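Visitor: After the structure tokens below, expect a handful of questions from me.
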Amino acid sequence: MPLACQNFRPIPHQTLMPSSFFALFDDIASLLDDISAMTKIAAGKTAGVVGDDLAVNAEQVSGSAADRELPVVWAVAKGSLVNKAILVPTAMGISLLEVWLHGRGFAVPLILSLLTLGGCYLCYEGVEKLAHAAVKRHRRRNGTTVVEDIEELPDDLSAFEREKIKGAIRTDFVLSAEIIVIALGTVAMEPLLTRLAVLTVIAVLMTVGVYGLVAAIVKLDDFGLYLIRPGKGRVSRAFGRGLLALAPRMMQFLSVAGTVAMFLVGGGILVHGIAPLHHFAQTHADDLPGWFGVALFNIGVGMGTGLLLLVAALTLTRMRKTLRRRPA
């Protein structure tokens with residue numbers, strides 16, 4: 001027998017067991033448990049903003065032709081995914097840079113500054129909507145509604161729809177940014193992979209949930225028409241008539257709720273981001289009747305800020321027109 005064979009000893013069976021492979025499975029299972037738990041916490045903390053997001057976006061995409069409602073919702077939903085594809089890496093990058101610089105405290109001021117700009121935009125958009133509605137009511141009282149509305153009709157409806165989609169995506173960017181920031185604050189102390197996974201899951205779930213509900217809301221009337229078609233049962237027709245009666249009222253409610261949500265979210269961002277406002281809210285917190293009082297304060301701040309921005313924008317526009325009319 002060769003010497004090599006004489007020295008051969010069989011390796012115990014236990015050492016052949018892929019223990020590292022099962023340890024990897026344990027690590028993966030533990031990581032998934034952490035991601036699931038933190039995602040539930042983050043989803044709970046962002047639920048309020050998601051409700052505002054739903055109202056704002058349902059109001060933004062309403063008003064399109066019946067055959068264009070779902071394409072508009074889909075276009076805005078794709079834009080929302082792009083927004084979150086930008087926001088999630090940006091939030092992770094800021095978080096990692098803060099760690100790399102040994103916590104020098106630049107991340108929070110930077111995020112608050114960016115959110116404050118977004119809050120100003122929401123407030124401006126809300127006041128602009130109110131101003132536009134007030135102008136329409138004034139024209140209606142003066143009997144010029146028909147003429148003015150005909151003059152306001154866009155020549156290119158597809159271009160008008162694209163502009164509407166762009167406006168909805170811009171608004172979604174601000175609301176998505178607040179959702180991502182709240183979720184990041186929830187998982188700030190978690191490992192890197194957990195943070196990234198939770199932010200990604202929250203981004204996808206919120207987009208699918210919000211725009212799935214928006215699509216269902218804007219198509220309520222079509223579903224009602226389907227239920228009252230000939231051949232349907234009595235219960236189906238009654239339910240369809242109820243949906244047809246409910247759909248316009250729901251859209252009117254969402255139109256109001258969406259505008260209020262702009263002030264609520266925008267004003268809330270400003271109150272938390274601007275030190276004097278935050279100090280005033282904290283000092284007079286006992287004077288405010290619970291959550292409703294805080295919400296009213298945020299709405300008031302949002303409306304006041306939006307009004308100032310609208311006045312500033314109109315003033316700049318008039319100044320530009322005046323300068324253009326002057327002879328060289």
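Ordering of the structure tokens sets the chain letters (A, B, ...); residue numbers start at 1 within each chain; ligands are numbered from 1 in the order shown.
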Please identify the alpha helix (DSSP H) residues within stretch 223-294 of chain A (assignment by DSSP from backbone atoms) and present them as a PyMOL selection string.
Guide: chain A and resi 223-227+234-273+275-283+290-294
Visitor: Hey, what's within 7 Å of stretch 208-212 of chain A if we count only C-alpha atoms and toss same-chain stuff fewer than 2 positions away? As a ChimeraX atom specification, please?
Guide: /A:54,73,77,204-206,214-216
Visitor: Write the residues of the preceding selection, restricted to C-alpha atoms, as a PDB file, in the first residue's frame.
Guide:
```pdb
ATOM      1  CA  LEU A  54     -53.146  60.867  -1.283  1.00  0.00           C
ATOM      2  CA  VAL A  73     -52.095  58.642 -12.943  1.00  0.00           C
ATOM      3  CA  ALA A  77     -46.721  57.366 -10.511  1.00  0.00           C
ATOM      4  CA  VAL A 204     -42.140  51.403  -3.257  1.00  0.00           C
ATOM      5  CA  LEU A 205     -45.030  50.639  -0.897  1.00  0.00           C
ATOM      6  CA  MET A 206     -46.039  54.281  -0.549  1.00  0.00           C
ATOM      7  CA  VAL A 214     -55.752  57.565  -6.652  1.00  0.00           C
ATOM      8  CA  ALA A 215     -56.501  55.409  -9.712  1.00  0.00           C
ATOM      9  CA  ALA A 216     -59.416  53.753  -7.887  1.00  0.00           C
TER      10      ALA A 216
END
```
Visitor: Just how far from atom CA of A:Glu161 is atom CA of A:Arg68, in Å to one decimal?
Guide: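 Interatomic distance here is 9.2 Å.
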Visitor: Could you list, with a cut-off of 10 Å and counting only C-alpha atoms, the residues of stretch 108-199 of chain A near stretch 257-268 of chain A, each shown with its nearest atom pair and the distance in Å rounded to one decimal, rows sorted by chain and ascending number, as CSV?
Guide:
```
residue,atom,partner,partner_atom,distance
A:Leu115,CA,A:Gly266,CA,8.9
A:Thr116,CA,A:Gly266,CA,8.0
A:Leu117,CA,A:Gly266,CA,9.3
A:Gly118,CA,A:Gly266,CA,7.4
A:Gly119,CA,A:Gly266,CA,3.9
A:Cys120,CA,A:Gly266,CA,6.3
A:Tyr121,CA,A:Gly266,CA,7.7
A:Leu122,CA,A:Gly266,CA,5.4
A:Cys123,CA,A:Phe263,CA,5.4
A:Tyr124,CA,A:Phe263,CA,8.9
A:Glu125,CA,A:Met262,CA,7.7
A:Gly126,CA,A:Thr259,CA,5.4
A:Val127,CA,A:Thr259,CA,8.4
A:Glu128,CA,A:Thr259,CA,9.9
A:Lys129,CA,A:Thr259,CA,7.6
A:Leu130,CA,A:Thr259,CA,8.1
A:Thr171,CA,A:Met262,CA,9.0
A:Val174,CA,A:Gly266,CA,9.0
A:Leu175,CA,A:Val265,CA,8.0
A:Glu178,CA,A:Val265,CA,8.9
```
Visitor: Neighbours of stretch 237-249 of chain A within 12 Å (only C-alpha atoms; same-chain residues fewer than 5 positions away dropped), as an mmCIF file with C-alpha atoms, in the first residue's frame?
Guide:
```cif
data_model
loop_
_atom_site.group_PDB
_atom_site.id
_atom_site.type_symbol
_atom_site.label_atom_id
_atom_site.label_comp_id
_atom_site.auth_asym_id
_atom_site.auth_seq_id
_atom_site.Cartn_x
_atom_site.Cartn_y
_atom_site.Cartn_z
ATOM 1 C CA GLU A 59 -56.754 66.488 -6.510
ATOM 2 C CA SER A 62 -58.389 64.943 -11.382
ATOM 3 C CA GLY A 63 -60.060 66.911 -14.125
ATOM 4 C CA ALA A 216 -59.416 53.753 -7.887
ATOM 5 C CA ILE A 217 -60.835 57.118 -6.804
ATOM 6 C CA VAL A 218 -60.716 58.765 -10.229
ATOM 7 C CA LYS A 219 -62.384 55.725 -11.835
ATOM 8 C CA LEU A 220 -65.240 55.433 -9.325
ATOM 9 C CA ASP A 221 -67.725 56.990 -11.760
ATOM 10 C CA ASP A 222 -66.762 54.570 -14.541
ATOM 11 C CA PHE A 223 -67.254 51.645 -12.178
ATOM 12 C CA GLY A 224 -70.657 53.055 -11.254
ATOM 13 C CA LEU A 225 -71.618 53.257 -14.941
ATOM 14 C CA TYR A 226 -70.514 49.647 -15.378
ATOM 15 C CA LEU A 227 -72.754 48.513 -12.513
ATOM 16 C CA ILE A 228 -75.921 50.187 -13.884
ATOM 17 C CA ARG A 229 -75.643 48.648 -17.347
ATOM 18 C CA PRO A 230 -78.619 46.608 -18.587
ATOM 19 C CA GLY A 231 -78.547 43.051 -17.359
ATOM 20 C CA LYS A 232 -77.098 43.836 -13.961
ATOM 21 C CA LEU A 254 -60.469 65.793 -2.253
ATOM 22 C CA SER A 255 -60.049 69.104 -4.060
ATOM 23 C CA VAL A 256 -60.553 70.955 -0.779
#
```
Visitor: Residues at most 12 Å from A:Ala275, counting only C-alpha atoms, excluding those fewer than 4 positions away in the same chain, as a ChimeraX atom specification?
Guide: /A:109,112-113,116,269-271,279-283
Visitor: So how far away is atom CA of A:Leu184 from atom CA of A:Leu196, in Å?
Guide: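 Going from atom CA of A:Leu196 over to atom CA of A:Leu184, I get 9.0 Å.
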Visitor: Which distance in Å separates atom CA of A:Val88 and atom CA of A:Val76, to one decimal?
Guide: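 Between atom CA of A:Val88 and atom CA of A:Val76 the gap is 18.1 Å.
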